[in-house]
file coords_18.csv (CSV, C-alpha atoms)
chain,number,residue,atom,x,y,z
Q,14,MET,CA,112.3,129.7,78.6
Q,15,LYS,CA,108.7,129.0,77.7
Q,16,ILE,CA,107.5,125.7,79.1
Q,17,ASN,CA,104.9,123.6,77.3
Q,18,TRP,CA,103.3,122.1,80.4
Q,19,GLU,CA,100.8,119.9,78.3
Q,20,ASN,CA,103.5,118.0,76.5
Q,21,ILE,CA,106.4,118.0,78.8
Q,22,ASN,CA,108.1,114.7,79.5
Q,23,ILE,CA,108.8,113.4,83.0
Q,24,GLU,CA,112.6,113.9,82.8
Q,25,ASN,CA,112.3,117.6,81.7
Q,26,LEU,CA,109.7,118.3,84.3
Q,27,ALA,CA,111.9,116.8,87.0
Q,28,ALA,CA,114.8,119.0,85.8
Q,29,ILE,CA,112.6,122.1,85.8
Q,30,ILE,CA,111.4,121.4,89.4
Q,31,CYS,CA,114.9,120.6,90.7
Q,32,GLU,CA,116.4,123.7,89.0
Q,33,PHE,CA,113.5,126.0,90.1
Q,34,LEU,CA,113.7,124.8,93.7
Q,35,GLU,CA,117.5,125.1,93.7
Q,36,LYS,CA,117.2,128.8,92.6
Q,37,ASN,CA,115.0,129.2,95.7
Q,38,ASN,CA,117.6,127.6,97.9
Q,39,ILE,CA,115.7,124.4,98.3
Q,40,LYS,CA,117.6,121.2,97.8
Q,41,THR,CA,115.5,118.3,96.6
Q,42,THR,CA,116.0,114.7,95.4
Q,43,LEU,CA,113.8,112.8,93.0
Q,44,VAL,CA,112.8,109.4,94.3
Q,45,GLY,CA,110.1,106.8,93.5
Q,46,GLY,CA,108.5,105.8,90.2
Q,47,ALA,CA,109.8,108.9,88.3
Q,48,CYS,CA,113.4,107.6,88.7
Q,49,VAL,CA,112.2,104.3,87.2
Q,50,SER,CA,110.7,106.1,84.3
Q,51,ILE,CA,114.0,108.0,83.7
Q,52,TYR,CA,116.2,104.9,84.1
Q,53,THR,CA,114.1,102.8,81.8
Q,54,LYS,CA,113.5,105.4,79.1
Q,55,ASN,CA,109.8,105.4,79.9
Q,56,LYS,CA,109.3,101.7,79.6
Q,57,TYR,CA,107.4,102.3,82.9
Q,58,LEU,CA,105.7,105.7,83.0
Q,59,SER,CA,105.0,107.2,86.4
Q,60,SER,CA,102.2,109.7,86.7
Q,61,ASP,CA,103.7,111.5,89.6
Q,62,LEU,CA,107.1,112.9,90.6
Q,63,ASP,CA,108.1,112.3,94.2
Q,64,PHE,CA,110.7,114.7,95.7
Q,65,VAL,CA,112.2,114.5,99.1
Q,66,THR,CA,113.3,117.8,100.7
Q,67,GLU,CA,114.0,118.9,104.3
Q,68,SER,CA,112.0,122.1,103.6
Q,69,SER,CA,108.5,122.4,105.0
Q,70,ILE,CA,105.4,122.3,102.8
Q,71,ARG,CA,104.6,125.8,103.9
Q,72,GLU,CA,107.8,127.1,102.4
Q,73,LEU,CA,107.0,125.2,99.1
Q,74,ILE,CA,103.5,126.6,98.6
Q,75,PRO,CA,104.4,130.1,97.5
Q,76,ILE,CA,107.3,128.9,95.4
Q,77,PHE,CA,105.1,126.4,93.5
Q,78,ASN,CA,102.4,128.9,93.0
Q,79,GLN,CA,104.8,130.9,90.9
Q,80,ILE,CA,104.9,128.1,88.3
Q,81,GLY,CA,101.2,127.3,88.4
Q,82,PHE,CA,101.2,124.4,90.8
Q,83,LYS,CA,98.7,124.5,93.6
Q,84,ARG,CA,98.7,122.4,96.8
Q,85,LYS,CA,95.9,119.9,96.5
Q,86,SER,CA,96.2,117.8,99.7
Q,87,GLY,CA,98.7,117.1,102.4
Q,88,ARG,CA,101.9,116.9,100.5
Q,89,HIS,CA,100.9,117.1,96.8
Q,90,PHE,CA,100.7,119.7,94.1
Q,91,GLU,CA,99.0,119.9,90.8
Q,92,ASN,CA,99.0,122.2,87.7
Q,93,PRO,CA,95.8,121.9,85.7
Q,94,ARG,CA,97.9,122.1,82.4
Q,95,CYS,CA,100.4,119.5,83.4
Q,96,ASN,CA,99.7,115.7,83.3
Q,97,PHE,CA,102.0,114.9,86.2
Q,98,PHE,CA,101.5,115.5,90.0
Q,99,ILE,CA,104.3,116.6,92.2
Q,100,GLU,CA,104.5,115.0,95.7
Q,101,PHE,CA,106.7,115.5,98.6
Q,102,PRO,CA,106.9,112.3,100.8
Q,103,ALA,CA,108.0,113.0,104.3
Q,104,PRO,CA,111.8,113.2,104.9
Q,105,PRO,CA,114.3,111.9,105.8
Q,106,LEU,CA,115.6,110.5,102.5
Q,107,SER,CA,116.1,106.8,103.3
Q,108,ILE,CA,115.8,103.4,101.9
Q,109,GLY,CA,114.7,101.0,104.6
Q,110,ASN,CA,116.8,101.9,107.7
Q,111,GLU,CA,119.6,103.4,105.7
Q,112,PRO,CA,120.0,107.1,104.9
Q,113,VAL,CA,120.7,107.9,101.3
Q,114,THR,CA,124.2,109.3,100.9
Q,115,LYS,CA,125.0,109.0,97.1
Q,116,PHE,CA,123.1,110.7,94.4
Q,117,ASN,CA,123.1,110.8,90.6
Q,118,PHE,CA,122.9,113.9,88.6
Q,119,ILE,CA,121.4,114.0,85.1
Q,120,LYS,CA,121.9,117.1,82.9
Q,121,THR,CA,119.1,118.2,80.6
Q,122,LYS,CA,118.4,121.3,78.6
Q,123,TYR,CA,116.1,122.5,81.4
Q,124,GLY,CA,118.7,121.9,84.2
Q,125,THR,CA,120.2,119.2,86.3
Q,126,ILE,CA,118.1,116.5,88.1
Q,127,ARG,CA,119.4,115.2,91.4
Q,128,LEU,CA,118.0,111.7,91.9
Q,129,LEU,CA,118.6,108.3,93.4
Q,130,THR,CA,121.4,106.3,91.8
Q,131,PRO,CA,120.2,103.3,89.7
Q,132,THR,CA,121.2,100.9,92.5
Q,133,ASP,CA,119.3,102.9,95.1
Q,134,CYS,CA,116.3,103.2,92.8
Q,135,VAL,CA,116.2,99.4,92.6
Q,136,LYS,CA,116.5,99.2,96.4
Q,137,ASP,CA,113.7,101.7,96.7
Q,138,ARG,CA,111.4,99.6,94.5
Q,139,LEU,CA,112.5,96.4,96.2
Q,140,ALA,CA,111.6,97.9,99.6
Q,141,ALA,CA,108.0,98.2,98.4
Q,142,TYR,CA,108.1,94.6,97.2
Q,143,PHE,CA,109.7,93.4,100.5
Q,144,PHE,CA,107.3,95.2,102.8
Q,145,TRP,CA,104.1,95.3,100.8
Q,146,ASN,CA,104.5,92.4,98.5
Q,147,ASP,CA,103.8,94.8,95.6
Q,148,PRO,CA,104.4,92.9,92.3
Q,149,GLN,CA,104.5,96.1,90.3
Q,150,SER,CA,107.4,97.4,92.3
Q,151,LEU,CA,109.2,94.1,91.7
Q,152,GLU,CA,108.7,94.4,87.9
Q,153,GLN,CA,110.0,98.0,88.1
Q,154,ALA,CA,113.1,96.9,90.0
Q,155,ILE,CA,113.8,94.2,87.3
Q,156,LEU,CA,113.3,96.8,84.5
Q,157,VAL,CA,115.8,99.2,86.1
Q,158,THR,CA,118.3,96.4,86.7
Q,159,LYS,CA,118.0,95.3,83.0
Q,160,ASN,CA,118.6,98.8,81.7
Q,161,ASN,CA,121.4,100.0,84.0
Q,162,GLU,CA,124.6,99.1,85.7
Q,163,ILE,CA,123.5,97.9,89.1
Q,164,ASP,CA,125.5,96.9,92.2
Q,165,LEU,CA,123.8,93.7,93.0
Q,166,ILE,CA,126.2,92.9,95.8
Q,167,ASN,CA,125.3,96.1,97.5
Q,168,ILE,CA,121.6,95.2,97.2
Q,169,LYS,CA,122.2,91.8,98.5
Q,170,LYS,CA,123.9,93.1,101.6
Q,171,TRP,CA,121.1,95.6,102.1
Q,172,ALA,CA,118.5,92.8,101.7
Q,173,LEU,CA,120.3,90.7,104.3
Q,174,LYS,CA,120.2,93.6,106.8
Q,175,GLU,CA,116.5,94.0,106.1
Q,176,ASN,CA,116.1,90.3,106.7
Q,177,LYS,CA,114.5,89.8,103.3
Q,178,ILE,CA,117.0,87.6,101.5
Q,179,ASP,CA,114.2,85.2,100.3
Q,180,LYS,CA,112.5,88.0,98.5
Q,181,PHE,CA,115.9,89.2,97.1
Q,182,ASN,CA,116.5,85.7,95.7
Q,183,VAL,CA,113.1,85.8,93.9
Q,184,PHE,CA,114.1,89.2,92.4
Q,185,LEU,CA,117.5,87.8,91.4
Q,186,GLY,CA,116.0,84.7,89.8
Q,187,LYS,CA,113.7,86.9,87.7
Q,188,VAL,CA,116.5,89.2,86.7
Q,189,LYS,CA,118.6,86.2,85.5
Q,190,LYS,CA,115.6,84.8,83.5
Q,191,SER,CA,114.8,88.0,81.8
Q,192,ARG,CA,118.4,89.0,81.0
Q,193,ASN,CA,118.8,90.7,77.6
Q,194,PHE,CA,121.1,89.2,75.0
Q,195,VAL,CA,122.8,91.2,72.3
Q,196,ILE,CA,121.9,90.0,68.8
Q,197,PRO,CA,123.9,91.4,65.8
Q,198,LYS,CA,121.6,93.4,63.6
Q,199,LYS,CA,122.5,91.3,60.5
Q,200,TYR,CA,120.8,88.2,62.2
Q,201,ILE,CA,117.5,89.9,63.0
Q,202,ASP,CA,116.0,89.1,59.6
Q,203,TYR,CA,117.0,85.4,60.1
Q,204,ILE,CA,115.5,85.3,63.6
Q,205,GLU,CA,112.3,86.9,62.3
Q,206,GLY,CA,112.2,84.2,59.6
Q,207,LYS,CA,113.1,86.4,56.7
Q,208,GLU,CA,115.4,85.5,53.8
Q,209,LEU,CA,119.2,85.2,54.4
Q,210,LYS,CA,121.8,86.9,52.2
Q,211,GLU,CA,123.8,84.6,49.9
Q,212,LYS,CA,127.0,85.3,51.8
Q,213,ASP,CA,125.4,84.1,55.1
Q,214,LYS,CA,123.9,81.1,53.4
Q,215,LYS,CA,127.4,80.1,52.2
Q,216,MET,CA,128.9,80.6,55.6
Q,217,ILE,CA,126.2,78.4,57.2
Q,218,ASP,CA,126.7,75.7,54.5
Q,219,MET,CA,130.4,75.7,55.2
Q,220,ALA,CA,129.8,75.5,59.0
Q,221,VAL,CA,127.4,72.5,58.5
Q,222,LYS,CA,129.8,70.7,56.2
Q,223,LYS,CA,132.7,71.2,58.6
Q,224,THR,CA,130.7,70.0,61.5
Q,225,VAL,CA,129.5,66.9,59.6
Q,226,GLN,CA,133.1,66.2,58.4
Q,227,GLU,CA,134.5,66.5,61.9
Q,228,TYR,CA,131.7,64.4,63.4
Q,229,GLY,CA,132.4,61.8,60.8
Q,230,GLU,CA,136.1,61.7,61.6
Q,231,VAL,CA,135.4,61.3,65.3
Q,232,LEU,CA,133.0,58.4,64.5
Q,233,GLU,CA,135.6,56.8,62.2
Q,234,LEU,CA,138.2,57.0,65.0
Q,235,LEU,CA,135.8,55.6,67.6
Q,236,GLY,CA,135.1,52.8,65.1
Q,237,LYS,CA,138.8,51.9,64.9
Q,238,GLU,CA,139.0,51.7,68.7
B,29,MET,CA,103.4,109.9,129.3
B,30,LEU,CA,104.8,110.9,125.9
B,31,GLU,CA,102.2,113.6,125.5
B,32,SER,CA,104.7,116.5,125.8
B,33,LEU,CA,107.0,114.9,123.2
B,34,LEU,CA,104.2,113.9,120.7
B,35,GLY,CA,102.1,117.0,121.1
B,36,ASN,CA,98.8,115.7,122.5
B,37,LYS,CA,97.1,112.7,124.2
B,38,THR,CA,95.2,111.6,121.2
B,39,ILE,CA,98.3,110.9,119.1
B,40,GLU,CA,99.8,109.0,122.0
B,41,LYS,CA,96.8,106.8,122.4
B,42,THR,CA,96.6,106.2,118.6
B,43,LEU,CA,100.3,105.1,118.6
B,44,PHE,CA,99.8,102.8,121.6
B,45,PHE,CA,96.8,101.3,119.9
B,46,LEU,CA,98.7,100.6,116.7
B,47,GLU,CA,101.7,99.2,118.7
B,48,THR,CA,99.3,96.8,120.5
B,49,TYR,CA,97.0,95.7,117.7
B,50,GLU,CA,99.3,96.4,114.7
B,51,GLN,CA,96.5,98.0,112.7
B,52,GLY,CA,93.4,100.1,113.3
B,53,TYR,CA,90.7,102.2,111.7
B,54,PRO,CA,89.6,105.6,113.0
B,55,LYS,CA,86.2,104.6,114.3
B,56,GLY,CA,87.6,101.5,116.1
B,57,ILE,CA,90.3,103.5,117.8
B,58,SER,CA,87.8,106.2,118.7
B,59,LYS,CA,85.4,103.7,120.2
B,60,THR,CA,88.2,102.0,122.2
B,61,PHE,CA,89.1,105.3,123.9
B,62,SER,CA,85.7,107.0,123.8
B,63,ILE,CA,87.2,110.0,122.0
B,64,PRO,CA,85.8,111.8,118.9
B,65,VAL,CA,86.6,110.1,115.6
B,66,ASN,CA,87.6,113.5,114.1
B,67,GLY,CA,90.5,113.9,116.5
B,68,ILE,CA,91.7,110.4,115.6
B,69,GLN,CA,91.4,111.0,111.9
B,70,GLN,CA,93.3,114.2,112.3
B,71,GLN,CA,96.2,112.5,114.1
B,72,LEU,CA,96.3,109.6,111.7
B,73,LYS,CA,96.5,112.1,108.8
B,74,ARG,CA,99.4,113.8,110.6
B,75,LEU,CA,101.1,110.5,111.1
B,76,GLU,CA,100.5,109.5,107.5
B,77,ASP,CA,101.8,112.8,106.1
B,78,GLY,CA,104.9,112.3,108.3
B,79,GLY,CA,105.5,108.8,106.8
B,80,ILE,CA,105.0,107.1,110.2
B,81,VAL,CA,101.9,105.2,109.2
B,82,VAL,CA,100.4,104.0,106.0
B,83,SER,CA,96.8,103.3,105.1
B,84,SER,CA,94.9,101.1,102.7
B,85,ILE,CA,91.3,100.5,101.9
B,86,GLN,CA,89.9,97.1,103.0
B,87,GLY,CA,86.2,96.8,102.0
B,88,LYS,CA,84.8,100.1,103.0
B,89,THR,CA,87.3,100.8,105.8
B,90,ARG,CA,90.6,102.6,105.7
B,91,LEU,CA,93.0,100.6,107.8
B,92,TYR,CA,96.1,102.2,109.2
B,93,LYS,CA,99.3,100.5,110.4
B,94,PHE,CA,102.9,101.5,111.0
B,95,ASN,CA,104.9,102.2,107.8
B,96,PRO,CA,107.5,99.4,107.6
B,97,ARG,CA,109.7,101.8,105.5
B,98,TYR,CA,109.8,104.5,108.2
B,99,PRO,CA,113.5,104.7,109.0
B,100,PHE,CA,113.1,105.2,112.7
B,101,LEU,CA,110.3,102.6,113.2
B,102,LYS,CA,112.4,100.2,115.3
B,103,GLU,CA,113.4,103.0,117.7
B,104,LEU,CA,109.9,104.5,117.8
B,105,LYS,CA,108.4,101.1,118.7
B,106,LEU,CA,111.0,100.6,121.4
B,107,LEU,CA,110.1,104.0,122.9
B,108,LEU,CA,106.3,103.1,122.7
B,109,GLN,CA,106.9,99.7,124.3
B,110,LYS,CA,109.0,101.3,127.1
B,111,ALA,CA,106.3,103.9,127.7
B,112,MET,CA,103.6,101.3,127.8
B,113,GLU,CA,105.4,99.6,130.7
B,114,PHE,CA,104.2,102.5,132.8
B,115,ILE,CA,100.5,102.2,131.9
B,116,SER,CA,98.4,101.0,134.9
B,117,GLU,CA,97.1,97.5,135.0
B,118,GLY,CA,93.5,98.8,134.9
B,119,GLU,CA,94.2,100.9,131.8
B,120,LEU,CA,96.0,98.0,130.1
B,121,GLU,CA,93.0,95.8,130.7
B,122,LYS,CA,90.5,98.3,129.5
B,123,TYR,CA,92.2,99.5,126.3
B,124,TYR,CA,95.0,97.2,125.2
B,125,ARG,CA,93.8,93.7,125.8
B,126,LYS,CA,90.8,93.5,123.5
B,127,ARG,CA,90.1,90.2,121.8
B,128,THR,CA,91.8,90.0,118.4
B,129,ARG,CA,91.5,86.3,117.7
B,130,PRO,CA,88.8,85.3,115.1
B,131,ARG,CA,85.2,84.7,116.1
B,132,ARG,CA,82.8,82.8,113.9
B,133,LYS,CA,79.9,84.9,112.6
B,134,GLY,CA,76.7,84.1,114.6
B,135,LYS,CA,78.5,82.7,117.6
B,136,PRO,CA,77.0,84.2,120.8
B,137,SER,CA,79.5,86.6,122.6
call {"tool": "encode", "arguments": {"input": "coords_18.csv", "output": "structure tokens"}}
result
Amino acid sequence: MKINWENINIENLAAIICEFLEKNNIKTTLVGGACVSIYTKNKYLSSDLDFVTESSIRELIPIFNQIGFKRKSGRHFENPRCNFFIEFPAPPLSIGNEPVTKFNFIKTKYGTIRLLTPTDCVKDRLAAYFFWNDPQSLEQAILVTKNNEIDLINIKKWALKENKIDKFNVFLGKVKKSRNFVIPKKYIDYIEGKELKEKDKKMIDMAVKKTVQEYGEVLELLGKE
Amino acid sequence: MLESLLGNKTIEKTLFFLETYEQGYPKGISKTFSIPVNGIQQQLKRLEDGGIVVSSIQGKTRLYKFNPRYPFLKELKLLLQKAMEFISEGELEKYYRKRTRPRRKGKPS
């Protein structure tokens, strides 16, 4: 398959790398900001892909050379035609003091990505907020939480273990404030201040009349008392 | 003390320094122990690549400290603390009891 490195998106690139390394008997897991990009459909766009593997950098160099990625410094690789960097943070794969044991797998036309689960992705971002007070990581954790099914109880237990419950509560407060509400499509025009359809106008008129009538009846009853 | 485990004396001293003062920059560590700054930089890079320390720029200086996200940090610090109990009083006084409290600019030392 011919790869268009210039225009490839982060999800497909992650799949290509995972699949390519797997073919070379190297198991790797996508972590960090790239997971946020994938779980938020690029509402946040990371410029690098972080993979954790137990293999050494020396083993990776000749393999990455085959697909045009050259080692640039310590643990990072670049392909001049590709907009994303590939980085290999030091193993082990962990979040705080806990090893990561559950993974998510996303299938794409280029192969399967092995990555952190959405809940672990939130924990990974929160760890950066907990330890470095990084506001961007907090925003990313909120974005992932809003766009995915997240086990908040699990995260709370983890935050307790890390002795960071105060910061967890800040995160939770922001998640609650920014929660999305589902608005039926037919009401969008109304919310945006555009004209209502006749049928809707009649329904609203009826509802108003009914409310006024019931309110009047209640007042009447109160008056009698 | 931990030289055979860690590989060399410079990395051992660098770790003891960070354990004592919580953070450090290559030139400061090198001056403390009177060892070449290149060696310290090399070991700090090794520790950073391994996820054991992290660094950030403050002014014109790159400051290093332990990575709070390193999964074995608690255990590593315990090991360092234990090893430091075996350092002689003279060595402790010379290297690990430097003044860290603030000192107003212009005040005679």
call {"tool": "closest_atom_pairs", "arguments": {"input": "coords_18.csv", "of": "chain B", "to": "chain Q", "cutoff": "6 Å", "atoms": "only C-alpha atoms", "output": "tab-separated table"}}
result
residue	atom	partner	partner_atom	distance
B:Gly78	CA	Q:Ala103	CA	5.1
B:Gly79	CA	Q:Ala103	CA	5.5
B:Arg97	CA	Q:Gly109	CA	5.1
B:Pro99	CA	Q:Asn110	CA	4.5
call {"tool": "atom_distance", "arguments": {"input": "coords_18.csv", "atom1": "atom CA of Leu75 of chain B", "atom2": "atom CA of Phe82 of chain Q"}}
result
24.6 Å
call {"tool": "residues_near_point", "arguments": {"input": "coords_18.csv", "point": "(98.3, 100.5, 119.4)", "cutoff": "10 Å", "atoms": "only C-alpha atoms", "output": "list in words"}}
result
Glu40, Lys41, Thr42, Leu43, Phe44, Phe45, Leu46, Glu47, Thr48, Tyr49, Glu50, Gln51, Gly52, Ile57, Lys93, Phe94, Leu108, Gln109, Met112, Tyr123 and Tyr124 of chain B
call {"tool": "closest_residue", "arguments": {"input": "coords_18.csv", "among": "Q:Ile23, Q:Ile51, Q:Val225, Q:Ile30", "to": "Ile119 of chain Q", "atoms": "all atoms listed in the file"}}
result
Q:Ile51
call {"tool": "atom_distance", "arguments": {"input": "coords_18.csv", "atom1": "atom CA of Thr41 of chain Q", "atom2": "atom CA of Phe64 of chain Q"}}
result
6.1 Å
call {"tool": "residues_near_point", "arguments": {"input": "coords_18.csv", "point": "(122.6, 103.7, 81.6)", "cutoff": "9 Å", "atoms": "only C-alpha atoms", "output": "PyMOL selection string"}}
result
chain Q and resi 52-53+131+160-162
call {"tool": "write_last_selection", "arguments": {"input": "coords_18.csv", "atoms": "C-alpha atoms", "output": "PDB file, keeping the file's coordinate frame"}}
result
ATOM      1  CA  TYR Q  52     116.200 104.900  84.100  1.00  0.00           C
ATOM      2  CA  THR Q  53     114.100 102.800  81.800  1.00  0.00           C
ATOM      3  CA  PRO Q 131     120.200 103.300  89.700  1.00  0.00           C
ATOM      4  CA  ASN Q 160     118.600  98.800  81.700  1.00  0.00           C
ATOM      5  CA  ASN Q 161     121.400 100.000  84.000  1.00  0.00           C
ATOM      6  CA  GLU Q 162     124.600  99.100  85.700  1.00  0.00           C
TER       7      GLU Q 162
END
call {"tool": "atom_distance", "arguments": {"input": "coords_18.csv", "atom1": "atom CA of Lys120 of chain Q", "atom2": "atom CA of Asn38 of chain Q"}}
result
18.8 Å
call {"tool": "closest_residue", "arguments": {"input": "coords_18.csv", "among": "Q:Ala47, Q:Leu173, Q:Leu209, Q:Val183", "to": "Ile155 of chain Q", "atoms": "all atoms listed in the file"}}
result
Q:Val183
call {"tool": "residues_around", "arguments": {"input": "coords_18.csv", "residues": "Phe114 of chain B", "least_positions_apart": "6", "cutoff": "12 Å", "atoms": "only C-alpha atoms", "output": "PDB file with C-alpha atoms, in the coordinates of the input"}}
result
ATOM      1  CA  MET B  29     103.400 109.900 129.300  1.00  0.00           C
ATOM      2  CA  LEU B  30     104.800 110.900 125.900  1.00  0.00           C
ATOM      3  CA  LEU B 107     110.100 104.000 122.900  1.00  0.00           C
ATOM      4  CA  LEU B 108     106.300 103.100 122.700  1.00  0.00           C
ATOM      5  CA  LEU B 120      96.000  98.000 130.100  1.00  0.00           C
TER       6      LEU B 120
END
call {"tool": "closest_residue", "arguments": {"input": "coords_18.csv", "among": "Q:Ile80, Q:Ala27, Q:Leu232, Q:Leu156", "to": "Lys15 of chain Q", "atoms": "all atoms listed in the file"}}
result
Q:Ile80
call {"tool": "closest_residue", "arguments": {"input": "coords_18.csv", "among": "Q:Thr42, Q:Asn146, Q:Gln226, Q:Ser68", "to": "Pro96 of chain B", "atoms": "all atoms listed in the file"}}
result
Q:Asn146
call {"tool": "residues_around", "arguments": {"input": "coords_18.csv", "residues": "Ile21 of chain Q", "least_positions_apart": "6", "cutoff": "10 Å", "atoms": "only C-alpha atoms", "output": "MDAnalysis selection string"}}
result
chainID Q and resid 27 95:97
call {"tool": "build_atoms", "arguments": {"input": "coords_18.csv", "residues": "segment 54-74 of chain B", "atoms": "N, CA and C atoms", "output": "PDB file, in the coordinates of the input"}}
result
ATOM      1  N   PRO B  54      89.918 104.485 112.133  1.00  0.00           N
ATOM      2  CA  PRO B  54      89.600 105.600 113.000  1.00  0.00           C
ATOM      3  C   PRO B  54      88.429 105.324 113.966  1.00  0.00           C
ATOM      4  N   LYS B  55      87.332 104.755 113.430  1.00  0.00           N
ATOM      5  CA  LYS B  55      86.200 104.600 114.300  1.00  0.00           C
ATOM      6  C   LYS B  55      86.470 103.559 115.419  1.00  0.00           C
ATOM      7  N   GLY B  56      87.208 102.504 115.088  1.00  0.00           N
ATOM      8  CA  GLY B  56      87.600 101.500 116.100  1.00  0.00           C
ATOM      9  C   GLY B  56      88.419 102.093 117.186  1.00  0.00           C
ATOM     10  N   ILE B  57      89.381 102.917 116.799  1.00  0.00           N
ATOM     11  CA  ILE B  57      90.300 103.500 117.800  1.00  0.00           C
ATOM     12  C   ILE B  57      89.444 104.500 118.659  1.00  0.00           C
ATOM     13  N   SER B  58      88.580 105.251 117.988  1.00  0.00           N
ATOM     14  CA  SER B  58      87.800 106.200 118.700  1.00  0.00           C
ATOM     15  C   SER B  58      86.834 105.543 119.721  1.00  0.00           C
ATOM     16  N   LYS B  59      86.260 104.398 119.313  1.00  0.00           N
ATOM     17  CA  LYS B  59      85.400 103.700 120.200  1.00  0.00           C
ATOM     18  C   LYS B  59      86.136 103.112 121.418  1.00  0.00           C
ATOM     19  N   THR B  60      87.343 102.612 121.149  1.00  0.00           N
ATOM     20  CA  THR B  60      88.200 102.000 122.200  1.00  0.00           C
ATOM     21  C   THR B  60      88.398 103.060 123.332  1.00  0.00           C
ATOM     22  N   PHE B  61      88.753 104.276 122.923  1.00  0.00           N
ATOM     23  CA  PHE B  61      89.100 105.300 123.900  1.00  0.00           C
ATOM     24  C   PHE B  61      87.987 106.242 124.273  1.00  0.00           C
ATOM     25  N   SER B  62      86.847 106.081 123.603  1.00  0.00           N
ATOM     26  CA  SER B  62      85.700 107.000 123.800  1.00  0.00           C
ATOM     27  C   SER B  62      86.138 108.455 123.531  1.00  0.00           C
ATOM     28  N   ILE B  63      86.820 108.652 122.418  1.00  0.00           N
ATOM     29  CA  ILE B  63      87.200 110.000 122.000  1.00  0.00           C
ATOM     30  C   ILE B  63      86.664 110.289 120.618  1.00  0.00           C
ATOM     31  N   PRO B  64      86.381 111.550 120.246  1.00  0.00           N
ATOM     32  CA  PRO B  64      85.800 111.800 118.900  1.00  0.00           C
ATOM     33  C   PRO B  64      86.607 111.293 117.779  1.00  0.00           C
ATOM     34  N   VAL B  65      85.909 110.741 116.788  1.00  0.00           N
ATOM     35  CA  VAL B  65      86.600 110.100 115.600  1.00  0.00           C
ATOM     36  C   VAL B  65      87.372 111.190 114.834  1.00  0.00           C
ATOM     37  N   ASN B  66      86.862 112.423 114.815  1.00  0.00           N
ATOM     38  CA  ASN B  66      87.600 113.500 114.100  1.00  0.00           C
ATOM     39  C   ASN B  66      88.993 113.682 114.545  1.00  0.00           C
ATOM     40  N   GLY B  67      89.120 113.676 115.873  1.00  0.00           N
ATOM     41  CA  GLY B  67      90.500 113.900 116.500  1.00  0.00           C
ATOM     42  C   GLY B  67      91.393 112.744 116.046  1.00  0.00           C
ATOM     43  N   ILE B  68      90.883 111.517 116.038  1.00  0.00           N
ATOM     44  CA  ILE B  68      91.700 110.400 115.600  1.00  0.00           C
ATOM     45  C   ILE B  68      92.108 110.504 114.166  1.00  0.00           C
ATOM     46  N   GLN B  69      91.118 110.870 113.333  1.00  0.00           N
ATOM     47  CA  GLN B  69      91.400 111.000 111.900  1.00  0.00           C
ATOM     48  C   GLN B  69      92.481 112.062 111.650  1.00  0.00           C
ATOM     49  N   GLN B  70      92.358 113.165 112.399  1.00  0.00           N
ATOM     50  CA  GLN B  70      93.300 114.200 112.300  1.00  0.00           C
ATOM     51  C   GLN B  70      94.760 113.757 112.595  1.00  0.00           C
ATOM     52  N   GLN B  71      94.847 113.017 113.700  1.00  0.00           N
ATOM     53  CA  GLN B  71      96.200 112.500 114.100  1.00  0.00           C
ATOM     54  C   GLN B  71      96.711 111.479 113.179  1.00  0.00           C
ATOM     55  N   LEU B  72      95.813 110.633 112.656  1.00  0.00           N
ATOM     56  CA  LEU B  72      96.300 109.600 111.700  1.00  0.00           C
ATOM     57  C   LEU B  72      96.766 110.273 110.419  1.00  0.00           C
ATOM     58  N   LYS B  73      96.097 111.339 110.003  1.00  0.00           N
ATOM     59  CA  LYS B  73      96.500 112.100 108.800  1.00  0.00           C
ATOM     60  C   LYS B  73      97.920 112.673 109.035  1.00  0.00           C
ATOM     61  N   ARG B  74      98.067 113.230 110.241  1.00  0.00           N
ATOM     62  CA  ARG B  74      99.400 113.800 110.600  1.00  0.00           C
ATOM     63  C   ARG B  74     100.465 112.754 110.555  1.00  0.00           C
TER      64      ARG B  74
END
